[in-house]
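Just protein.pdb here, PDB, C-alpha atoms:
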ATOM      1  CA  MET Y  30      -4.951  -6.323   0.022  1.00  0.00           C
ATOM      2  CA  PRO Y  31      -8.275  -4.578   0.409  1.00  0.00           C
ATOM      3  CA  ASN Y  32      -9.315  -1.691  -1.774  1.00  0.00           C
ATOM      4  CA  GLY Y  33     -11.900   0.636  -0.221  1.00  0.00           C
ATOM      5  CA  ASP Y  34     -14.170   0.761  -3.283  1.00  0.00           C
ATOM      6  CA  LEU Y  35     -14.008  -2.981  -3.844  1.00  0.00           C
ATOM      7  CA  THR Y  36     -14.735  -3.803  -0.225  1.00  0.00           C
ATOM      8  CA  LYS Y  37     -17.731  -1.447  -0.259  1.00  0.00           C
ATOM      9  CA  ASP Y  38     -18.921  -3.148  -3.459  1.00  0.00           C
ATOM     10  CA  LEU Y  39     -18.463  -6.568  -1.880  1.00  0.00           C
ATOM     11  CA  LYS Y  40     -20.502  -5.593   1.180  1.00  0.00           C
ATOM     12  CA  THR Y  41     -23.217  -4.010  -0.995  1.00  0.00           C
ATOM     13  CA  HIS Y  42     -23.545  -7.120  -3.138  1.00  0.00           C
ATOM     14  CA  GLY Y  43     -23.556  -9.312  -0.049  1.00  0.00           C
ATOM     15  CA  ASN Y  44     -26.493  -7.279   1.267  1.00  0.00           C
ATOM     16  CA  ARG Y  45     -28.379  -8.105  -1.929  1.00  0.00           C
ATOM     17  CA  GLY Y  46     -28.480 -11.770  -1.010  1.00  0.00           C
ATOM     18  CA  MET Y  47     -25.398 -12.826  -2.991  1.00  0.00           C
ATOM     19  CA  SER Y  48     -23.044 -15.393  -1.604  1.00  0.00           C
ATOM     20  CA  VAL Y  49     -19.513 -14.332  -0.733  1.00  0.00           C
ATOM     21  CA  GLU Y  50     -18.318 -16.327  -3.748  1.00  0.00           C
ATOM     22  CA  GLU Y  51     -20.675 -14.461  -6.119  1.00  0.00           C
ATOM     23  CA  ALA Y  52     -19.897 -11.042  -4.644  1.00  0.00           C
ATOM     24  CA  ALA Y  53     -16.129 -11.681  -4.737  1.00  0.00           C
ATOM     25  CA  GLU Y  54     -16.317 -12.742  -8.375  1.00  0.00           C
ATOM     26  CA  LEU Y  55     -18.404  -9.675  -9.214  1.00  0.00           C
ATOM     27  CA  VAL Y  56     -15.851  -7.253  -7.715  1.00  0.00           C
ATOM     28  CA  GLY Y  57     -12.858  -9.173  -9.107  1.00  0.00           C
ATOM     29  CA  VAL Y  58     -11.252 -10.691  -6.009  1.00  0.00           C
ATOM     30  CA  THR Y  59     -10.650 -14.278  -4.990  1.00  0.00           C
ATOM     31  CA  GLU Y  60     -13.094 -16.192  -2.856  1.00  0.00           C
ATOM     32  CA  ALA Y  61     -10.472 -16.357  -0.091  1.00  0.00           C
ATOM     33  CA  THR Y  62     -10.146 -12.562  -0.137  1.00  0.00           C
ATOM     34  CA  GLY Y  63     -13.942 -12.229  -0.007  1.00  0.00           C
ATOM     35  CA  TYR Y  64     -14.100 -14.422   3.082  1.00  0.00           C
ATOM     36  CA  ALA Y  65     -11.169 -12.585   4.694  1.00  0.00           C
ATOM     37  CA  TRP Y  66     -12.943  -9.257   4.145  1.00  0.00           C
ATOM     38  CA  LEU Y  67     -16.201 -10.679   5.514  1.00  0.00           C
ATOM     39  CA  LYS Y  68     -14.445 -11.924   8.637  1.00  0.00           C
ATOM     40  CA  ARG Y  69     -12.838  -8.511   9.189  1.00  0.00           C
ATOM     41  CA  TRP Y  70     -16.173  -6.758   8.535  1.00  0.00           C
ATOM     42  CA  ASN Y  71     -17.932  -8.973  11.056  1.00  0.00           C
ATOM     43  CA  SER Y  72     -15.294  -8.450  13.738  1.00  0.00           C
ATOM     44  CA  ARG Y  73     -14.408  -4.758  13.254  1.00  0.00           C
ATOM     45  CA  GLY Y  74     -16.957  -3.260  10.841  1.00  0.00           C
ATOM     46  CA  TYR Y  75     -15.838  -0.758   8.224  1.00  0.00           C
ATOM     47  CA  GLU Y  76     -12.568  -0.086  10.098  1.00  0.00           C
ATOM     48  CA  GLY Y  77     -11.620  -3.722   9.524  1.00  0.00           C
ATOM     49  CA  LEU Y  78     -11.633  -3.152   5.766  1.00  0.00           C
ATOM     50  CA  ILE Y  79      -9.198  -0.235   5.774  1.00  0.00           C
ATOM     51  CA  PRO Y  80      -5.777  -1.407   4.539  1.00  0.00           C
ATOM     52  CA  ASP Y  81      -3.043  -1.603   7.156  1.00  0.00           C
ATOM     53  CA  PHE Y  82       0.344  -1.375   5.476  1.00  0.00           C
ATOM     54  CA  GLY Y  83       2.413  -1.554   8.643  1.00  0.00           C
ATOM     55  CA  GLY Y  84       5.647  -3.461   8.769  1.00  0.00           C
ATOM     56  CA  GLY Y  85       8.119  -3.969   6.005  1.00  0.00           C
ATOM     57  CA  ARG Y  86      11.811  -3.247   5.915  1.00  0.00           C
ATOM     58  CA  PRO Y  87      12.917  -0.257   7.992  1.00  0.00           C
ATOM     59  CA  SER Y  88      14.185   2.750   6.075  1.00  0.00           C
ATOM     60  CA  LYS Y  89      17.937   3.034   5.592  1.00  0.00           C
ATOM     61  CA  LEU Y  90      17.627   6.805   5.914  1.00  0.00           C
ATOM     62  CA  THR Y  91      17.062   8.798   9.079  1.00  0.00           C
ATOM     63  CA  GLU Y  92      14.237  11.354   9.201  1.00  0.00           C
ATOM     64  CA  GLU Y  93      16.833  14.118   8.781  1.00  0.00           C
ATOM     65  CA  GLN Y  94      18.293  12.401   5.705  1.00  0.00           C
ATOM     66  CA  LYS Y  95      14.804  11.986   4.226  1.00  0.00           C
ATOM     67  CA  GLU Y  96      14.203  15.719   4.624  1.00  0.00           C
ATOM     68  CA  GLU Y  97      17.539  16.510   2.951  1.00  0.00           C
ATOM     69  CA  LEU Y  98      16.645  14.131   0.106  1.00  0.00           C
ATOM     70  CA  LYS Y  99      13.223  15.779  -0.338  1.00  0.00           C
ATOM     71  CA  GLU Y 100      14.892  19.172  -0.711  1.00  0.00           C
ATOM     72  CA  MET Y 101      17.364  17.785  -3.252  1.00  0.00           C
ATOM     73  CA  LEU Y 102      14.565  16.166  -5.269  1.00  0.00           C
ATOM     74  CA  LYS Y 103      12.790  19.524  -5.633  1.00  0.00           C
ATOM     75  CA  GLU Y 104      15.592  20.592  -8.016  1.00  0.00           C
ATOM     76  CA  LYS Y 105      14.030  18.586 -10.859  1.00  0.00           C
ATOM     77  CA  ASP Y 106      10.451  17.733 -11.871  1.00  0.00           C
ATOM     78  CA  SER Y 107      10.929  14.073 -12.674  1.00  0.00           C
ATOM     79  CA  TRP Y 108      13.321  11.460 -11.307  1.00  0.00           C
ATOM     80  CA  THR Y 109      13.869   7.819 -12.152  1.00  0.00           C
ATOM     81  CA  THR Y 110      14.376   5.322  -9.341  1.00  0.00           C
ATOM     82  CA  LYS Y 111      17.961   4.844 -10.518  1.00  0.00           C
ATOM     83  CA  GLU Y 112      18.625   8.600 -10.368  1.00  0.00           C
ATOM     84  CA  VAL Y 113      17.289   8.820  -6.810  1.00  0.00           C
ATOM     85  CA  GLN Y 114      19.426   5.838  -5.854  1.00  0.00           C
ATOM     86  CA  GLU Y 115      22.497   7.550  -7.302  1.00  0.00           C
ATOM     87  CA  VAL Y 116      21.712  10.778  -5.431  1.00  0.00           C
ATOM     88  CA  ILE Y 117      21.403   8.889  -2.146  1.00  0.00           C
ATOM     89  CA  GLU Y 118      24.555   6.843  -2.702  1.00  0.00           C
ATOM     90  CA  ALA Y 119      26.873   9.442  -4.230  1.00  0.00           C
ATOM     91  CA  GLU Y 120      25.779  13.041  -3.974  1.00  0.00           C
ATOM     92  CA  LEU Y 121      24.295  13.065  -0.462  1.00  0.00           C
ATOM     93  CA  GLU Y 122      26.924  10.699   0.927  1.00  0.00           C
ATOM     94  CA  PHE Y 123      24.601   9.132   3.499  1.00  0.00           C
ATOM     95  CA  GLY Y 124      26.703   5.972   3.559  1.00  0.00           C
ATOM     96  CA  VAL Y 125      23.778   3.969   2.163  1.00  0.00           C
ATOM     97  CA  VAL Y 126      24.090   1.444  -0.661  1.00  0.00           C
ATOM     98  CA  TYR Y 127      21.127  -0.127  -2.426  1.00  0.00           C
ATOM     99  CA  SER Y 128      21.290  -3.306  -4.463  1.00  0.00           C
ATOM    100  CA  SER Y 129      20.044  -3.120  -8.033  1.00  0.00           C
TER     101      SER Y 129
END
Starting from the file, lay out its structure as structure tokens.
Amino acid sequence: MPNGDLTKDLKTHGNRGMSVEEAAELVGVTEATGYAWLKRWNSRGYEGLIPDFGGGRPSKLTEEQKEELKEMLKEKDSWTTKEVQEVIEAELEFGVVYSS
């Protein structure tokens, strides 16, 4: 997954006459990632290097439930994942169960 600073570094080193393999090694990514970034750069420019984290599992909470949870979480400075899970499952009674 691209990192803005690393992709800028990769492009900069590529402009210095380095091969993709050399530039990828220099910025700490695999050769395959270097070529993937180059392909995206060539087709879409800088915009092609911005991470796109779309997709994934849909939320089990509605937007309203998320807002209620945010308000509840303001009651304390620090929460563990387990504590948040317990709040969602027991205290807020959203009817949501998460596996551990």
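Atom CA of Phe82 of chain Y sits 22.6 Å away from atom CA of Gln94 of chain Y.
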Please return the centre and edge lengths, in Å to one decimal, of a box with edges along x, y and z that contains all listed atoms of segment 68-71 of chain Y, widened by 4 Å on every side, as lines of an AutoDock Vina configuration file.
center_x = -15.4
center_y = -9.3
center_z = 9.8
size_x = 13.1
size_y = 13.2
size_z = 10.5
### Task
Would you mind listing what lies within 7 Å of segment 59-75 of chain Y as a list in words, with all atoms listed in the file counted and same-chain residues fewer than 5 positions away left out?
Val49, Glu50, Ala53 and Glu54 of chain Y
Could you save the residues just selected, with C-alpha atoms, as a PDB file, keeping the file's coordinate frame?
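Output file again_30.pdb is given in full below:
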ATOM      1  CA  VAL Y  49     -19.513 -14.332  -0.733  1.00  0.00           C
ATOM      2  CA  GLU Y  50     -18.318 -16.327  -3.748  1.00  0.00           C
ATOM      3  CA  ALA Y  53     -16.129 -11.681  -4.737  1.00  0.00           C
ATOM      4  CA  GLU Y  54     -16.317 -12.742  -8.375  1.00  0.00           C
TER       5      GLU Y  54
END
### Task
Would you work out the distance separating atom CA of Glu104 of chain Y from atom CA of Phe123 of chain Y, expressed in Å to one decimal?
18.6 Å
### Task
List the residues matched by the PyMOL selection byres ((chain Y and resi 125) around 12) in the displayed structure as a ChimeraX atom specification, ordered by chain and then by residue number.
/Y:88-91,94,114-124,126-128
Expected file: the selected residues, C-alpha atoms, as a compact mmCIF listing (two decimals), in the frame of the given file:
# COMPACT_ATOMS: atom_id res chain seq x y z
CA SER Y 88 14.18 2.75 6.08
CA LYS Y 89 17.94 3.03 5.59
CA LEU Y 90 17.63 6.80 5.91
CA THR Y 91 17.06 8.80 9.08
CA GLN Y 94 18.29 12.40 5.70
CA GLN Y 114 19.43 5.84 -5.85
CA GLU Y 115 22.50 7.55 -7.30
CA VAL Y 116 21.71 10.78 -5.43
CA ILE Y 117 21.40 8.89 -2.15
CA GLU Y 118 24.56 6.84 -2.70
CA ALA Y 119 26.87 9.44 -4.23
CA GLU Y 120 25.78 13.04 -3.97
CA LEU Y 121 24.30 13.06 -0.46
CA GLU Y 122 26.92 10.70 0.93
CA PHE Y 123 24.60 9.13 3.50
CA GLY Y 124 26.70 5.97 3.56
CA VAL Y 126 24.09 1.44 -0.66
CA TYR Y 127 21.13 -0.13 -2.43
CA SER Y 128 21.29 -3.31 -4.46
### Interatomic distance, atom CA of Val113 of chain Y to atom CA of Lys99 of chain Y (Å, one decimal)
10.3 Å
Export of segment 50-122 of chain Y: C-alpha atoms, as a CSV table (one decimal), in the first residue's frame:
chain,number,residue,atom,x,y,z
Y,50,GLU,CA,14.6,-2.0,-8.7
Y,51,GLU,CA,17.3,0.3,-7.2
Y,52,ALA,CA,14.8,3.0,-6.3
Y,53,ALA,CA,12.4,0.5,-4.6
Y,54,GLU,CA,15.3,-1.0,-2.6
Y,55,LEU,CA,16.4,2.5,-1.6
Y,56,VAL,CA,12.9,3.4,-0.2
Y,57,GLY,CA,12.3,0.0,1.3
Y,58,VAL,CA,9.6,-1.5,-0.8
Y,59,THR,CA,9.5,-4.6,-3.0
Y,60,GLU,CA,10.4,-4.5,-6.7
Y,61,ALA,CA,6.8,-5.4,-7.5
Y,62,THR,CA,5.5,-2.5,-5.5
Y,63,GLY,CA,7.9,-0.2,-7.3
Y,64,TYR,CA,6.6,-1.3,-10.6
Y,65,ALA,CA,3.0,-1.0,-9.5
Y,66,TRP,CA,3.7,2.6,-8.3
Y,67,LEU,CA,5.4,3.4,-11.6
Y,68,LYS,CA,2.5,2.0,-13.6
Y,69,ARG,CA,0.0,4.1,-11.6
Y,70,TRP,CA,2.3,7.2,-11.9
Y,71,ASN,CA,2.5,6.8,-15.7
Y,72,SER,CA,-1.3,6.3,-16.1
Y,73,ARG,CA,-2.6,8.8,-13.5
Y,74,GLY,CA,0.3,10.9,-12.3
Y,75,TYR,CA,0.6,11.9,-8.6
Y,76,GLU,CA,-3.1,11.1,-8.0
Y,77,GLY,CA,-2.4,7.5,-8.9
Y,78,LEU,CA,-0.1,7.2,-5.9
Y,79,ILE,CA,-2.6,8.4,-3.3
Y,80,PRO,CA,-3.8,5.4,-1.3
Y,81,ASP,CA,-7.4,4.3,-2.0
Y,82,PHE,CA,-8.7,2.4,1.0
Y,83,GLY,CA,-12.2,1.8,-0.3
Y,84,GLY,CA,-14.0,-1.5,0.3
Y,85,GLY,CA,-13.7,-3.7,3.2
Y,86,ARG,CA,-16.4,-5.1,5.5
Y,87,PRO,CA,-19.4,-2.8,6.0
Y,88,SER,CA,-19.9,-1.3,9.4
Y,89,LYS,CA,-22.2,-3.2,11.8
Y,90,LEU,CA,-23.3,0.2,13.2
Y,91,THR,CA,-25.6,2.7,11.6
Y,92,GLU,CA,-24.4,6.4,11.3
Y,93,GLU,CA,-26.7,7.2,14.2
Y,94,GLN,CA,-25.2,4.4,16.4
Y,95,LYS,CA,-21.7,5.6,15.5
Y,96,GLU,CA,-22.6,9.1,16.7
Y,97,GLU,CA,-24.0,7.7,20.0
Y,98,LEU,CA,-20.9,5.6,20.4
Y,99,LYS,CA,-18.7,8.7,19.9
Y,100,GLU,CA,-20.5,10.6,22.6
Y,101,MET,CA,-20.2,7.6,25.0
Y,102,LEU,CA,-16.4,7.4,24.3
Y,103,LYS,CA,-15.9,11.0,25.3
Y,104,GLU,CA,-16.6,10.0,28.9
Y,105,LYS,CA,-13.1,8.6,29.2
Y,106,ASP,CA,-9.7,9.5,27.8
Y,107,SER,CA,-8.4,6.1,26.9
Y,108,TRP,CA,-10.2,3.0,25.8
Y,109,THR,CA,-9.0,-0.5,24.9
Y,110,THR,CA,-10.5,-2.3,21.9
Y,111,LYS,CA,-12.1,-4.8,24.3
Y,112,GLU,CA,-13.7,-2.0,26.3
Y,113,VAL,CA,-15.2,-0.4,23.2
Y,114,GLN,CA,-16.5,-3.9,22.1
Y,115,GLU,CA,-18.2,-4.3,25.5
Y,116,VAL,CA,-19.8,-0.9,25.3
Y,117,ILE,CA,-21.2,-1.6,21.9
Y,118,GLU,CA,-22.4,-5.1,22.9
Y,119,ALA,CA,-23.8,-4.5,26.4
Y,120,GLU,CA,-24.2,-0.8,27.4
Y,121,LEU,CA,-25.5,0.6,24.1
Y,122,GLU,CA,-27.6,-2.4,23.3
